[in-house]
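The structure appears right after this line, and notes come after that.
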Amino acid sequence: MRVTLKDVARLANVNFTLVSKYINQTPGVRMRPETRQRIESAIHELKYQPITVARALRYGRTDTLGLIVGNLTNEYFAHYADSAIIEAEKLGFRLLISVCKDGDPEKAIRGLYANQVDGIVCCDCFNPGSAPCPMLTERSFSMASMKKAVADSMRYLAEHECSSITGLFTDDRWPEIFSSLDHTPFISQDFQSLPHDPAERRKLLRGICGKRPDAIFSTGWKTVNMLSVILEKEFPDYDPLIILWANCKGPFLANPRIRGVLHTSTLLSIKETFTSLANMVASSGEVRRPAPVPCRFIPREKSAYGELIVEDFSLT
């Protein structure tokens with residue numbers, strides 16, 4: 001049988017209204033410390049949990065946020081979700097997580113909204129469109145600093161006599177950055193959208209290896225690992241220079257084919273995104289965009305690159 005506020009009030013020997021005000025943190029309520037302690041002890045003893053739907057009907061919000069990620073078996077998404085849960089709790093929200101393996105987040109959005117979430121954060125690899133509640137795509141990286149980092153990486157590749165490059169992207173932001181550069185050193189540029197299906201992705205990578213561009217730019221470390229296996233087994237005489245967008249650190253960066261990274265802070269981006277969404281929920285949808293997170297190019301020769309090669313995967 002579900003525990004109610006009346007049960008908590010009876011055990012704490014206080015008025016029902018007082019318990020309600022305590023749980024909902026009603027501003028201006030005066031309460032003696034010993035009374036607060038009795039209520040809190042009763043809540044813990046009875047394992048009281050608020051009814052989310054009832055709370056939504058009464059207050060217009062559930063203090064619940066939604067998060068859409070790609071696949072929790074992926075180390076990046078698993079760490080991302082873990083950090084997002086912690087950040088949401090700091091802001092006073094619970095977090096519901098929806099996995100979107102097929103690359104189409106619309107079903108995930110509908111499912112989260114059906115569960116009365118106040119707002120949704122969509123992980124960076126999706127282009128979700130719109131939602132019936134406040135929603136932010138975790139894209140708080142500074143476009144100006146990303147453009148500069150891309151330009152720095154292109155100069156680096158030109159210094160290493162690269163004249164052709166293929167870009168492997170999960171969203172349309174990257175081709176826009178490349179096309180916005182005032183000058184690129186490449187005679188040939190080819191931008192490819194990465195399929196979510198692993199078999200289709202391997203097929204695309206084999207085709208790229210067959211064309212043999214001098215350099216490859218990738219936005220996913222798992223794609224680079226997949227590419228390295230294909231190179232070793234099927235194209236042993238082909239050795240492209242690889243630039244990787246890395247908002248994490250781990251053993252994969254020891255791969256000698258990776259010649260540099262565009263580095264950003266996922267943890268800072270998560271903090272900015274969730275803080276902005278919480279503000280939107282509190283202000284009934286008024287948009288406060290996340291503060292931009294800087295991005296920089298780190299070539300393999302720099303000591304800062306070595307600091308990213310660690311035994312255990314983690315977000316930066």
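Chain labels follow the order of the structure tokens: the first chain is A, the next B, and so on; residue numbering restarts at 1 in every chain, and ligands are counted from 1 in their shown order.
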
Residues near region 196-207 of chain A, cut-off 9 Å, only C-alpha atoms, skip fewer than 3 positions along chain, as a PyMOL selection string
chain A and resi 101-103+170+192+210-212+223+226-227+230-231+234-235

From a DSSP calculation on the backbone, collect every residue of region 215-272 of chain A in strand (DSSP E or B) and output the set as an MDAnalysis selection string.
chainID A and resid 215:218 241:246 248:249 258:263

Can you write out the residues you just picked, keeping C-alpha atoms, as an mmCIF file, in the first residue's frame?
data_model
loop_
_atom_site.group_PDB
_atom_site.id
_atom_site.type_symbol
_atom_site.label_atom_id
_atom_site.label_comp_id
_atom_site.auth_asym_id
_atom_site.auth_seq_id
_atom_site.Cartn_x
_atom_site.Cartn_y
_atom_site.Cartn_z
ATOM 1 C CA ALA A 215 44.010 12.653 -44.129
ATOM 2 C CA ILE A 216 40.802 11.693 -42.340
ATOM 3 C CA PHE A 217 38.898 13.859 -39.845
ATOM 4 C CA SER A 218 36.502 11.958 -37.563
ATOM 5 C CA LEU A 241 46.873 10.965 -40.968
ATOM 6 C CA ILE A 242 43.857 11.081 -38.626
ATOM 7 C CA ILE A 243 42.486 14.062 -36.726
ATOM 8 C CA LEU A 244 39.888 13.238 -34.059
ATOM 9 C CA TRP A 245 37.376 15.346 -32.180
ATOM 10 C CA ALA A 246 37.915 14.137 -28.594
ATOM 11 C CA CYS A 248 37.093 12.531 -23.548
ATOM 12 C CA LYS A 249 40.347 10.766 -22.765
ATOM 13 C CA ILE A 258 45.864 9.775 -34.651
ATOM 14 C CA ARG A 259 48.008 12.852 -35.261
ATOM 15 C CA GLY A 260 46.005 15.323 -33.209
ATOM 16 C CA VAL A 261 42.700 16.030 -31.481
ATOM 17 C CA LEU A 262 40.177 18.829 -31.355
ATOM 18 C CA HIS A 263 39.650 18.858 -27.613
#

For Glu45 (chain A), list every protein, DNA or RNA residue within 12 Å, evaluated using only C-alpha atoms, and leave out those in the same chain fewer than 3 positions away; present the list as JSON, numbers by chain.
{"A": [3, 7, 8, 11, 12, 38, 39, 40, 41, 42, 48, 49]}

Which parts of region 150-316 of chain A does DSSP call alpha helix (DSSP H) when run on the backbone here, written out as a PyMOL selection string?
chain A and resi 150-159+173-180+198-211+221-234+266-282+303-306

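Comparing the minimum interatomic distances between Leu181 (chain A) and each of A:Ile165, A:Ile85, A:Met154, A:Ile109, counting only C-alpha atoms, we find that A:Met154 sits nearest.
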
Using only C-alpha atoms, which residue out of A:Met143, A:Ala254, A:Val14, A:Leu268 lies closest to Tyr80 (chain A)?
A:Leu268

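The smallest atom-to-atom distance between Pro251 (chain A) and any of A:Arg296, A:Lys148, A:Pro236, A:Leu308, using only C-alpha atoms, is found for A:Leu308.
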
State, in Å with one decimal place, the distance from CA of Asp104 (chain A) to CA of Cys209 (chain A).
27.9 Å

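Ranking A:Met135, A:Val117, A:Ile23, A:Ile187 by their shortest atom-to-atom distance to Arg94 (chain A), with only C-alpha atoms included, puts A:Val117 first.
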
If I take CA of Ala149 (chain A) and CA of Ile177 (chain A), how far is one from the other in Å, to one decimal?
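According to the coordinates, CA of Ala149 (chain A) and CA of Ile177 (chain A) are separated by 10.2 Å.
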
Using only C-alpha atoms, pick whichever of A:Lys90, A:Arg36, A:Lys147, A:Arg155 has the shortest atom-to-atom distance to Phe178 (chain A).
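Of A:Lys90, A:Arg36, A:Lys147, A:Arg155, the one nearest Phe178 (chain A), counting only C-alpha atoms, is A:Lys147.
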
So, counting only C-alpha atoms, which residue among A:Phe274, A:Met146, A:Arg30, A:Leu18 is closest to Gly66 (chain A)?
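Using only C-alpha atoms, Gly66 (chain A) sits closest to A:Phe274.
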
Correct to one decimal, the distance CA of Lys271 (chain A)-CA of Pro292 (chain A) is 11.3 Å
